[in-house]
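Asker: protein.txt (compact mmCIF, C-alpha atoms and all ligand atoms) pasted underneath:
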```txt
# COMPACT_ATOMS: atom_id res chain seq x y z
CA MET A 1 82.07 55.03 -145.97
CA GLY A 2 79.04 52.89 -146.84
CA THR A 3 77.93 51.57 -150.20
CA LYS A 4 75.77 53.96 -152.21
CA LEU A 5 72.55 52.80 -153.81
CA SER A 6 72.07 54.10 -157.35
CA VAL A 7 68.64 53.28 -158.75
CA ASN A 8 68.61 52.36 -162.43
CA ILE A 9 65.40 53.81 -163.88
CA ASN A 10 65.53 52.17 -167.33
CA LYS A 11 62.52 49.98 -166.48
CA ILE A 12 60.42 53.06 -165.76
CA ALA A 13 61.22 54.32 -169.25
CA THR A 14 60.34 50.92 -170.72
CA LEU A 15 56.92 51.07 -169.06
CA ARG A 16 56.37 54.64 -170.25
CA ASN A 17 57.42 53.83 -173.81
CA SER A 18 55.01 50.89 -174.02
CA ARG A 19 52.17 53.42 -174.40
CA GLY A 20 54.11 56.18 -176.10
CA GLY A 21 52.99 58.84 -173.62
CA LYS A 22 54.41 60.32 -170.44
CA THR A 23 53.11 57.85 -167.87
CA PRO A 24 54.82 57.00 -165.62
CA ASP A 25 56.64 60.33 -165.47
CA LEU A 26 60.30 59.36 -165.60
CA LEU A 27 61.54 62.70 -164.30
CA LYS A 28 59.21 62.60 -161.32
CA VAL A 29 60.20 59.02 -160.53
CA ALA A 30 63.88 59.98 -160.56
CA VAL A 31 63.34 62.93 -158.22
CA ASP A 32 61.15 60.77 -155.97
CA CYS A 33 63.81 58.02 -155.85
CA GLU A 34 66.20 60.62 -154.45
CA ARG A 35 63.54 61.84 -152.01
CA PHE A 36 63.01 58.24 -150.88
CA GLY A 37 66.71 57.84 -150.13
CA ALA A 38 68.48 56.79 -153.33
CA GLU A 39 72.01 58.14 -153.35
CA GLY A 40 72.30 58.01 -157.11
CA ILE A 41 70.30 57.67 -160.32
CA THR A 42 71.54 55.49 -163.17
CA VAL A 43 70.39 55.50 -166.77
CA HIS A 44 71.62 53.39 -169.65
CA PRO A 45 70.56 54.90 -172.97
CA ARG A 46 70.95 52.55 -175.91
CA PRO A 47 71.23 53.53 -179.58
CA ASP A 48 67.66 52.37 -180.38
CA GLU A 49 66.33 54.40 -177.40
CA ARG A 50 64.06 51.51 -176.49
CA HIS A 51 63.96 52.62 -172.88
CA ILE A 52 65.84 55.80 -171.89
CA HIS A 53 65.66 58.45 -174.61
CA TYR A 54 68.66 60.71 -175.13
CA LYS A 55 66.36 63.64 -174.40
CA ASP A 56 65.48 62.10 -171.01
CA VAL A 57 69.12 62.35 -170.00
CA TYR A 58 69.28 66.08 -170.80
CA ASP A 59 65.99 66.63 -168.96
CA LEU A 60 67.11 64.70 -165.89
CA LYS A 61 70.42 66.48 -165.36
CA PRO A 62 69.14 69.76 -163.84
CA LEU A 63 66.62 67.95 -161.63
CA LEU A 64 69.00 65.62 -159.84
CA SER A 65 70.94 66.37 -156.72
CA ALA A 66 72.30 62.87 -156.01
CA GLU A 67 74.99 61.25 -158.14
CA PHE A 68 74.09 60.85 -161.80
CA ASN A 69 75.59 57.77 -163.45
CA ILE A 70 75.21 57.27 -167.20
CA GLU A 71 76.08 53.90 -168.70
CA GLY A 72 76.67 53.03 -172.31
CA ASN A 73 78.95 52.13 -175.15
CA PRO A 74 81.36 54.91 -176.10
CA ARG A 75 81.61 53.60 -179.67
CA GLU A 76 78.38 55.52 -180.34
CA LYS A 77 79.20 59.13 -181.19
CA LYS A 78 75.81 60.16 -179.85
CA PHE A 79 76.76 58.68 -176.48
CA MET A 80 80.10 60.49 -176.38
CA ASP A 81 78.42 63.80 -177.23
CA LEU A 82 75.74 63.20 -174.62
CA ILE A 83 78.24 62.56 -171.83
CA LEU A 84 80.46 65.48 -172.70
CA GLU A 85 77.45 67.82 -172.81
CA VAL A 86 75.57 66.53 -169.76
CA LYS A 87 78.69 65.99 -167.64
CA PRO A 88 77.25 63.46 -165.17
CA THR A 89 79.00 62.58 -161.92
CA GLN A 90 80.09 59.30 -163.47
CA VAL A 91 80.15 57.60 -166.83
CA THR A 92 80.20 53.80 -166.87
CA LEU A 93 81.54 52.34 -170.09
CA VAL A 94 79.83 49.13 -171.17
CA PRO A 95 80.81 47.07 -174.24
CA ASP A 96 77.22 46.41 -175.40
CA VAL A 97 76.56 45.46 -178.95
CA THR A 98 73.64 47.04 -180.82
CA GLY A 99 70.31 45.43 -179.99
CA GLN A 100 71.62 43.51 -177.00
CA LEU A 101 68.78 42.76 -174.55
CA THR A 102 70.90 43.70 -171.54
CA SER A 103 74.60 43.94 -170.71
CA ASP A 104 76.06 40.45 -170.68
CA HIS A 105 79.84 40.84 -170.56
CA GLY A 106 82.53 43.17 -169.35
CA TRP A 107 85.38 44.80 -171.28
CA ASP A 108 88.43 42.91 -172.30
CA THR A 109 90.68 45.56 -170.78
CA ILE A 110 93.80 44.04 -172.32
CA GLU A 111 92.55 43.82 -175.91
CA HIS A 112 90.88 47.24 -175.77
CA LYS A 113 93.46 48.95 -173.62
CA ASP A 114 94.51 51.66 -176.11
CA TYR A 115 90.93 52.42 -177.05
CA LEU A 116 89.86 52.70 -173.41
CA ILE A 117 92.84 54.94 -172.55
CA GLU A 118 91.83 57.31 -175.35
CA ILE A 119 88.15 57.47 -174.37
CA ILE A 120 88.75 57.68 -170.63
CA SER A 121 91.20 60.54 -171.01
CA LYS A 122 88.51 62.55 -172.87
CA PHE A 123 86.08 62.11 -169.99
CA LYS A 124 88.72 62.81 -167.37
CA LYS A 125 89.64 66.08 -169.09
CA ALA A 126 85.97 67.03 -168.81
CA GLY A 127 86.05 66.30 -165.05
CA ILE A 128 83.80 63.24 -165.25
CA ARG A 129 84.51 60.22 -163.05
CA THR A 130 84.98 57.08 -165.13
CA SER A 131 84.06 53.49 -164.42
CA ILE A 132 84.35 50.46 -166.67
CA PHE A 133 82.12 47.40 -166.60
CA ILE A 134 84.15 44.22 -166.17
CA ASP A 135 83.89 40.58 -165.18
CA ALA A 136 85.32 39.46 -161.85
CA ASP A 137 88.69 38.53 -163.30
CA VAL A 138 91.95 39.69 -161.75
CA LYS A 139 93.61 40.06 -165.19
CA MET A 140 90.82 42.37 -166.33
CA ILE A 141 91.14 44.39 -163.11
CA GLU A 142 94.88 44.82 -163.72
CA GLY A 143 94.10 45.85 -167.30
CA ALA A 144 91.50 48.32 -166.00
CA LYS A 145 94.14 50.04 -163.91
CA GLU A 146 96.23 50.61 -167.05
CA THR A 147 93.34 52.38 -168.78
CA GLY A 148 93.29 55.19 -166.23
CA ALA A 149 89.71 54.46 -165.13
CA ASP A 150 88.78 55.70 -161.64
CA ARG A 151 86.56 52.75 -160.90
CA ILE A 152 85.43 49.37 -162.11
CA GLU A 153 81.87 48.12 -162.11
CA LEU A 154 81.86 44.40 -161.35
CA TYR A 155 79.38 42.54 -163.55
CA THR A 156 77.46 40.54 -160.95
CA GLU A 157 75.20 38.30 -163.04
CA ALA A 158 77.34 35.20 -162.35
CA TYR A 159 77.21 35.91 -158.61
CA ALA A 160 73.43 36.35 -158.68
CA LYS A 161 72.93 33.17 -160.72
CA ASN A 162 75.05 31.02 -158.44
CA TYR A 163 74.04 32.63 -155.16
CA SER A 164 71.22 30.20 -154.41
CA LEU A 165 73.37 27.17 -155.33
CA ASN A 166 76.42 28.03 -153.23
CA LYS A 167 76.89 31.60 -152.13
CA GLU A 168 80.40 31.04 -150.70
CA GLU A 169 81.60 29.77 -154.09
CA ALA A 170 79.63 32.42 -155.97
CA ILE A 171 81.29 35.29 -154.14
CA LYS A 172 84.89 34.00 -154.35
CA PRO A 173 85.97 35.50 -157.71
CA PHE A 174 84.37 38.80 -156.71
CA VAL A 175 86.31 38.95 -153.45
CA GLU A 176 89.55 38.19 -155.30
CA ALA A 177 88.78 40.83 -157.91
CA ALA A 178 87.87 43.40 -155.26
CA LYS A 179 91.04 42.76 -153.26
CA ARG A 180 93.16 43.36 -156.36
CA ALA A 181 91.17 46.49 -157.23
CA ASN A 182 91.75 47.82 -153.72
CA GLU A 183 95.49 47.13 -153.96
CA LEU A 184 95.61 49.01 -157.25
CA GLY A 185 93.60 51.95 -155.93
CA LEU A 186 90.61 51.36 -158.20
CA GLY A 187 87.18 52.22 -156.78
CA ILE A 188 84.64 49.41 -156.86
CA ASN A 189 81.05 49.57 -158.11
CA ALA A 190 78.86 46.59 -158.92
CA GLY A 191 75.68 45.80 -160.74
CA HIS A 192 73.44 43.39 -162.61
CA ASP A 193 70.84 41.10 -161.08
CA LEU A 194 71.47 42.30 -157.55
CA SER A 195 68.31 41.86 -155.47
CA LEU A 196 66.91 41.85 -151.96
CA GLU A 197 67.85 38.19 -151.81
CA ASN A 198 71.53 38.48 -152.71
CA LEU A 199 72.55 42.10 -151.98
CA LYS A 200 73.42 41.92 -148.29
CA TYR A 201 75.83 39.00 -148.65
CA PHE A 202 77.49 40.70 -151.62
CA SER A 203 77.93 44.05 -149.92
CA LYS A 204 79.26 42.61 -146.69
CA SER A 205 81.71 40.31 -148.51
CA ILE A 206 83.22 42.85 -150.90
CA PRO A 207 85.80 45.10 -149.27
CA GLY A 208 85.53 48.74 -150.30
CA LEU A 209 82.30 48.45 -152.31
CA LEU A 210 81.44 52.07 -153.17
CA GLU A 211 78.25 51.80 -155.20
CA VAL A 212 75.68 49.35 -156.50
CA SER A 213 73.34 50.19 -159.35
CA ILE A 214 70.11 48.24 -159.31
CA GLY A 215 67.18 48.34 -161.68
CA HIS A 216 65.26 45.22 -162.62
CA ALA A 217 64.77 43.63 -159.19
CA LEU A 218 64.22 46.93 -157.38
CA ILE A 219 61.55 48.16 -159.78
CA SER A 220 59.90 44.71 -159.73
CA ASP A 221 59.87 44.70 -155.91
CA SER A 222 58.29 48.14 -155.91
CA LEU A 223 55.15 46.65 -157.53
CA TYR A 224 54.53 44.85 -154.27
CA PHE A 225 56.11 47.13 -151.66
CA GLY A 226 55.86 50.57 -153.27
CA LEU A 227 58.87 52.57 -154.43
CA GLU A 228 59.59 54.35 -151.16
CA ASN A 229 59.50 51.18 -149.05
CA THR A 230 61.50 49.26 -151.61
CA ILE A 231 64.30 51.82 -151.68
CA GLN A 232 64.39 51.74 -147.89
CA LEU A 233 64.54 47.93 -147.95
CA TYR A 234 67.53 48.00 -150.32
CA LEU A 235 69.26 50.69 -148.27
CA ARG A 236 68.80 48.55 -145.18
CA GLU A 237 70.65 45.68 -146.86
CA LEU A 238 73.61 47.99 -147.51
CA LYS A 239 73.93 49.55 -144.07
N1 LIG B 301 75.04 47.74 -164.71
C1 LIG B 301 74.95 47.67 -166.06
C2 LIG B 301 76.16 47.98 -166.87
C3 LIG B 301 73.74 47.36 -166.69
O1 LIG B 301 73.65 47.32 -168.02
C4 LIG B 301 72.60 47.11 -165.89
C5 LIG B 301 71.29 46.81 -166.55
O2 LIG B 301 70.92 47.88 -167.38
C6 LIG B 301 72.74 47.20 -164.49
C7 LIG B 301 73.97 47.49 -163.94
C8 LIG B 301 71.59 46.95 -163.57
O3 LIG B 301 71.16 45.62 -163.68
P1 LIG B 301 69.75 45.19 -163.10
O4 LIG B 301 68.70 45.89 -163.92
O5 LIG B 301 69.73 43.70 -163.28
O6 LIG B 301 69.70 45.61 -161.67
```
Could the structure of this file be written out as C-alpha cells, please?
Ligand code: PXP
Answerer:
Amino acid sequence: MGTKLSVNINKIATLRNSRGGKTPDLLKVAVDCERFGAEGITVHPRPDERHIHYKDVYDLKPLLSAEFNIEGNPREKKFMDLILEVKPTQVTLVPDVTGQLTSDHGWDTIEHKDYLIEIISKFKKAGIRTSIFIDADVKMIEGAKETGADRIELYTEAYAKNYSLNKEEAIKPFVEAAKRANELGLGINAGHDLSLENLKYFSKSIPGLLEVSIGHALISDSLYFGLENTIQLYLRELK
C-alpha cells in the first residue's frame, strides 16, 4: 500500500479570511483537490478560527469522498463536539496552545497518558480513527501505544530543517521511531514542512508510511504550478 497524500487546506482559508468574503471558495478547492488526485483533505481548526472556521468543517463533510482528517487540541470542548458530530475518517490530536502560530511540538505521551486514553476512547467508541502528533522519539512512540491510538503523526519539522544540511542524519530518528511504531502495530502518518524538495527521501526511507498531510509548501507551490499540477507533482514523489 502506498502513502496517501492528504492536502491541508488551512492556507486557502487564511487567504479567504484576509478579505472576509468567500474567495477563494474553500469548499470548491477541497472538492477540486480530490478531483486532482488528493487522497485526503486535512483541516486544523483553531479556537480563534483564524483560518478554518468551525462552520467550514460541517460544510465540508458531506462534500468529501476522500479521507477527511481533522486536527486539533481536544482540550477545547468545541473541538470535541465538532469531531463527535462530524465524525471524520480520522482525528489527529495536537497539543497546541491557544494562539500558537503553527504546531511546534508533539504530545508527551507519558505525562499525558491518562488524559489521552480517556479522549481516544471517546473517539474510538464513535468509530473515528485516532492519530496523535508526536516527535520522532522512541519513548513517545511507546507511550503512544499505551494510549490506544490507532496511529501516530510524526512531527517532521526537524527533518525538514536539517534535510539540506545532512539528510542521512536528519532522517535517522524518524526511521528509528517508525521501526518501533511498526513493531508495536501503530500506523504511521507524518506532517509539517514536507515539500517537493524533501518528500521523496522521507517517504522512501520510512517503512510503512501511511499518510502525509501537507499544506504550506503545497499551496505555495500551486502559485507557480497550479493546484492540479502541484498535487500531481506531490503524488509523483510518493509513488
Ligand atoms: N500536521 C499538523 C499537526 C499541523 O499542525 C500542520 C500545519 O497545520 C501540518 C501537519 C501541515 O504542515 P505544513 O503546512 O507545513 O505542510
Asker: Counting all atoms listed in the file, name the residues that have an atom within 10 Å of an atom of ligand LIG 301 (chain B); the answer should be given as a ChimeraX atom specification.
Answerer: /A:6-11,42-46,70-73,92-96,100-106,131-134,153-157,160,189-195,212-220
Asker: Keeping only C-alpha atoms, take the residues you just selected and write them out as a PDB file, keeping the file's coordinate frame.
Answerer:
```pdb
ATOM      1  CA  SER A   6      72.070  54.100-157.350  1.00  0.00           C
ATOM      2  CA  VAL A   7      68.640  53.280-158.750  1.00  0.00           C
ATOM      3  CA  ASN A   8      68.610  52.360-162.430  1.00  0.00           C
ATOM      4  CA  ILE A   9      65.400  53.810-163.880  1.00  0.00           C
ATOM      5  CA  ASN A  10      65.530  52.170-167.330  1.00  0.00           C
ATOM      6  CA  LYS A  11      62.520  49.980-166.480  1.00  0.00           C
ATOM      7  CA  THR A  42      71.540  55.490-163.170  1.00  0.00           C
ATOM      8  CA  VAL A  43      70.390  55.500-166.770  1.00  0.00           C
ATOM      9  CA  HIS A  44      71.620  53.390-169.650  1.00  0.00           C
ATOM     10  CA  PRO A  45      70.560  54.900-172.970  1.00  0.00           C
ATOM     11  CA  ARG A  46      70.950  52.550-175.910  1.00  0.00           C
ATOM     12  CA  ILE A  70      75.210  57.270-167.200  1.00  0.00           C
ATOM     13  CA  GLU A  71      76.080  53.900-168.700  1.00  0.00           C
ATOM     14  CA  GLY A  72      76.670  53.030-172.310  1.00  0.00           C
ATOM     15  CA  ASN A  73      78.950  52.130-175.150  1.00  0.00           C
ATOM     16  CA  THR A  92      80.200  53.800-166.870  1.00  0.00           C
ATOM     17  CA  LEU A  93      81.540  52.340-170.090  1.00  0.00           C
ATOM     18  CA  VAL A  94      79.830  49.130-171.170  1.00  0.00           C
ATOM     19  CA  PRO A  95      80.810  47.070-174.240  1.00  0.00           C
ATOM     20  CA  ASP A  96      77.220  46.410-175.400  1.00  0.00           C
ATOM     21  CA  GLN A 100      71.620  43.510-177.000  1.00  0.00           C
ATOM     22  CA  LEU A 101      68.780  42.760-174.550  1.00  0.00           C
ATOM     23  CA  THR A 102      70.900  43.700-171.540  1.00  0.00           C
ATOM     24  CA  SER A 103      74.600  43.940-170.710  1.00  0.00           C
ATOM     25  CA  ASP A 104      76.060  40.450-170.680  1.00  0.00           C
ATOM     26  CA  HIS A 105      79.840  40.840-170.560  1.00  0.00           C
ATOM     27  CA  GLY A 106      82.530  43.170-169.350  1.00  0.00           C
ATOM     28  CA  SER A 131      84.060  53.490-164.420  1.00  0.00           C
ATOM     29  CA  ILE A 132      84.350  50.460-166.670  1.00  0.00           C
ATOM     30  CA  PHE A 133      82.120  47.400-166.600  1.00  0.00           C
ATOM     31  CA  ILE A 134      84.150  44.220-166.170  1.00  0.00           C
ATOM     32  CA  GLU A 153      81.870  48.120-162.110  1.00  0.00           C
ATOM     33  CA  LEU A 154      81.860  44.400-161.350  1.00  0.00           C
ATOM     34  CA  TYR A 155      79.380  42.540-163.550  1.00  0.00           C
ATOM     35  CA  THR A 156      77.460  40.540-160.950  1.00  0.00           C
ATOM     36  CA  GLU A 157      75.200  38.300-163.040  1.00  0.00           C
ATOM     37  CA  ALA A 160      73.430  36.350-158.680  1.00  0.00           C
ATOM     38  CA  ASN A 189      81.050  49.570-158.110  1.00  0.00           C
ATOM     39  CA  ALA A 190      78.860  46.590-158.920  1.00  0.00           C
ATOM     40  CA  GLY A 191      75.680  45.800-160.740  1.00  0.00           C
ATOM     41  CA  HIS A 192      73.440  43.390-162.610  1.00  0.00           C
ATOM     42  CA  ASP A 193      70.840  41.100-161.080  1.00  0.00           C
ATOM     43  CA  LEU A 194      71.470  42.300-157.550  1.00  0.00           C
ATOM     44  CA  SER A 195      68.310  41.860-155.470  1.00  0.00           C
ATOM     45  CA  VAL A 212      75.680  49.350-156.500  1.00  0.00           C
ATOM     46  CA  SER A 213      73.340  50.190-159.350  1.00  0.00           C
ATOM     47  CA  ILE A 214      70.110  48.240-159.310  1.00  0.00           C
ATOM     48  CA  GLY A 215      67.180  48.340-161.680  1.00  0.00           C
ATOM     49  CA  HIS A 216      65.260  45.220-162.620  1.00  0.00           C
ATOM     50  CA  ALA A 217      64.770  43.630-159.190  1.00  0.00           C
ATOM     51  CA  LEU A 218      64.220  46.930-157.380  1.00  0.00           C
ATOM     52  CA  ILE A 219      61.550  48.160-159.780  1.00  0.00           C
ATOM     53  CA  SER A 220      59.900  44.710-159.730  1.00  0.00           C
TER      54      SER A 220
END
```
Asker: Please compute the atom CA of A:Tyr201-atom CA of A:Tyr159 distance, one decimal, in Å.
Answerer: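 These two atoms are separated by 10.5 Å.
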Asker: Determine, using only C-alpha atoms, which residues of stretch 53-149 of chain A have any atom at most 8 Å from an atom of stretch 22-36 of chain A, and tabulate each with its shortest atom pair and distance in Å to one decimal place, rows ordered by chain and then rising number, as a tab-separated table.
Answerer:
```
residue	atom	partner	partner_atom	distance
A:Asp56	CA	A:Leu27	CA	7.8
A:Asp59	CA	A:Leu27	CA	7.5
A:Leu60	CA	A:Leu27	CA	6.1
A:Leu63	CA	A:Val31	CA	6.9
A:Leu64	CA	A:Val31	CA	6.5
A:Ser65	CA	A:Glu34	CA	7.8
A:Ala66	CA	A:Glu34	CA	6.7
```
Asker: Residues near A:Ile117, anyone? I mean within 7 Å using all atoms listed in the file, not counting same-chain ones fewer than 3 positions away, as an NGL selection string.
Answerer: :A and (113-114 or 120-121 or 147-148)
Asker: Looking at all atoms listed in the file, which of A:Leu84, A:Thr89, A:Thr130, A:Gly143 is the one that sits closest to A:Asp108?
Answerer: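 Of A:Leu84, A:Thr89, A:Thr130, A:Gly143, the one nearest A:Asp108 is A:Gly143, counting all atoms listed in the file.
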Asker: Where's the centre, and what are the edge lengths in Å to one decimal, of a box along x, y and z enclosing all listed atoms of stretch 88-103 of chain A padded 5 Å per side, as AutoDock Vina command-line options?
Answerer:
```
--center_x 75.2 --center_y 53.1 --center_z -171.4 --size_x 22.8 --size_y 30.7 --size_z 28.9
```
Asker: Which residues come within 12 Å of A:Ala126, counting all atoms listed in the file, excluding same-chain residues fewer than 6 positions away, as a compact mmCIF listing (two decimals) with C-alpha atoms, keeping the file's coordinate frame?
Answerer:
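This is the output file result.txt:
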```
# COMPACT_ATOMS: atom_id res chain seq x y z
CA MET A 80 80.10 60.49 -176.38
CA ASP A 81 78.42 63.80 -177.23
CA ILE A 83 78.24 62.56 -171.83
CA LEU A 84 80.46 65.48 -172.70
CA GLU A 85 77.45 67.82 -172.81
CA VAL A 86 75.57 66.53 -169.76
CA LYS A 87 78.69 65.99 -167.64
CA PRO A 88 77.25 63.46 -165.17
CA THR A 89 79.00 62.58 -161.92
CA GLN A 90 80.09 59.30 -163.47
CA VAL A 91 80.15 57.60 -166.83
CA ILE A 119 88.15 57.47 -174.37
CA ILE A 120 88.75 57.68 -170.63
```
Asker: Go ahead and find all residues with at least one atom no further than 9 Å from (61.6, 54.1, -176.9) in the file's coordinates, using all atoms listed in the file; report them as a list in words.
Answerer: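 Taken together, the residues in range are Ala13, Thr14, Arg16, Asn17, Ser18, Gly20, Asp48, Glu49, Arg50, His51, Ile52 and His53 of chain A.
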Asker: I'd like the neighbourhood of A:Leu186 as a list in words, where a residue qualifies if any of its atoms comes within 9 Å (using all atoms listed in the file), though same-chain residues fewer than 6 positions away should be ignored.
Answerer: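 In the requested format, the answer is Ile141, Ala144, Lys145, Ala149, Asp150, Arg151, Ile152, Ala178 and Arg180 of chain A.
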Asker: Which protein, DNA or RNA residues have an atom at most 9 Å from (92.8, 40.0, -170.2), counting only C-alpha atoms? List them as a PyMOL selection string.
Answerer: chain A and resi 107-111+137-143
Asker: Measuring between all atoms listed in the file, which one of A:Phe79, A:Ala136, A:Glu211, A:Pro47 shows the shortest distance to A:Thr98?
Answerer: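 Of A:Phe79, A:Ala136, A:Glu211, A:Pro47, the one nearest A:Thr98, counting all atoms listed in the file, is A:Pro47.
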Asker: Considering all atoms listed in the file, state which residue in the set A:Ile12, A:Leu165, A:Glu146, A:Ile128 is at the smallest distance from A:Leu184.
Answerer: A:Glu146
Asker: Which residue, A:Ala177, A:Ala38, A:Ile171, A:Leu15, has the smallest gap to A:Asn229 when you use all atoms listed in the file?
Answerer: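 Of A:Ala177, A:Ala38, A:Ile171, A:Leu15, the one nearest A:Asn229, counting all atoms listed in the file, is A:Ala38.
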Asker: State, in Å with one decimal place, the distance from atom CA of A:Asp135 to atom CA of A:Gly185.
Answerer: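 Here the two named atoms are 17.6 Å from each other.
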Asker: Grab the atom CA of A:Gly2 to atom CA of A:Tyr58 distance for me, in Å with one decimal place.
Answerer: 29.0 Å
Asker: Determine, counting only C-alpha atoms, which protein, DNA and RNA residues have an atom within 10 Å of an atom of stretch 203-207 of chain A; residues of the same chain fewer than 6 positions away are not included. Present the result as a list of chain:residue names.
Answerer: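 The residues satisfying every condition are A:Gly2, A:Thr3, A:Glu168, A:Ile171, A:Lys172, A:Phe174, A:Val175, A:Glu176, A:Ala177, A:Ala178, A:Lys179, A:Ala181, A:Asn182, A:Ile188, A:Ala190, A:Glu237, A:Leu238, A:Lys239.
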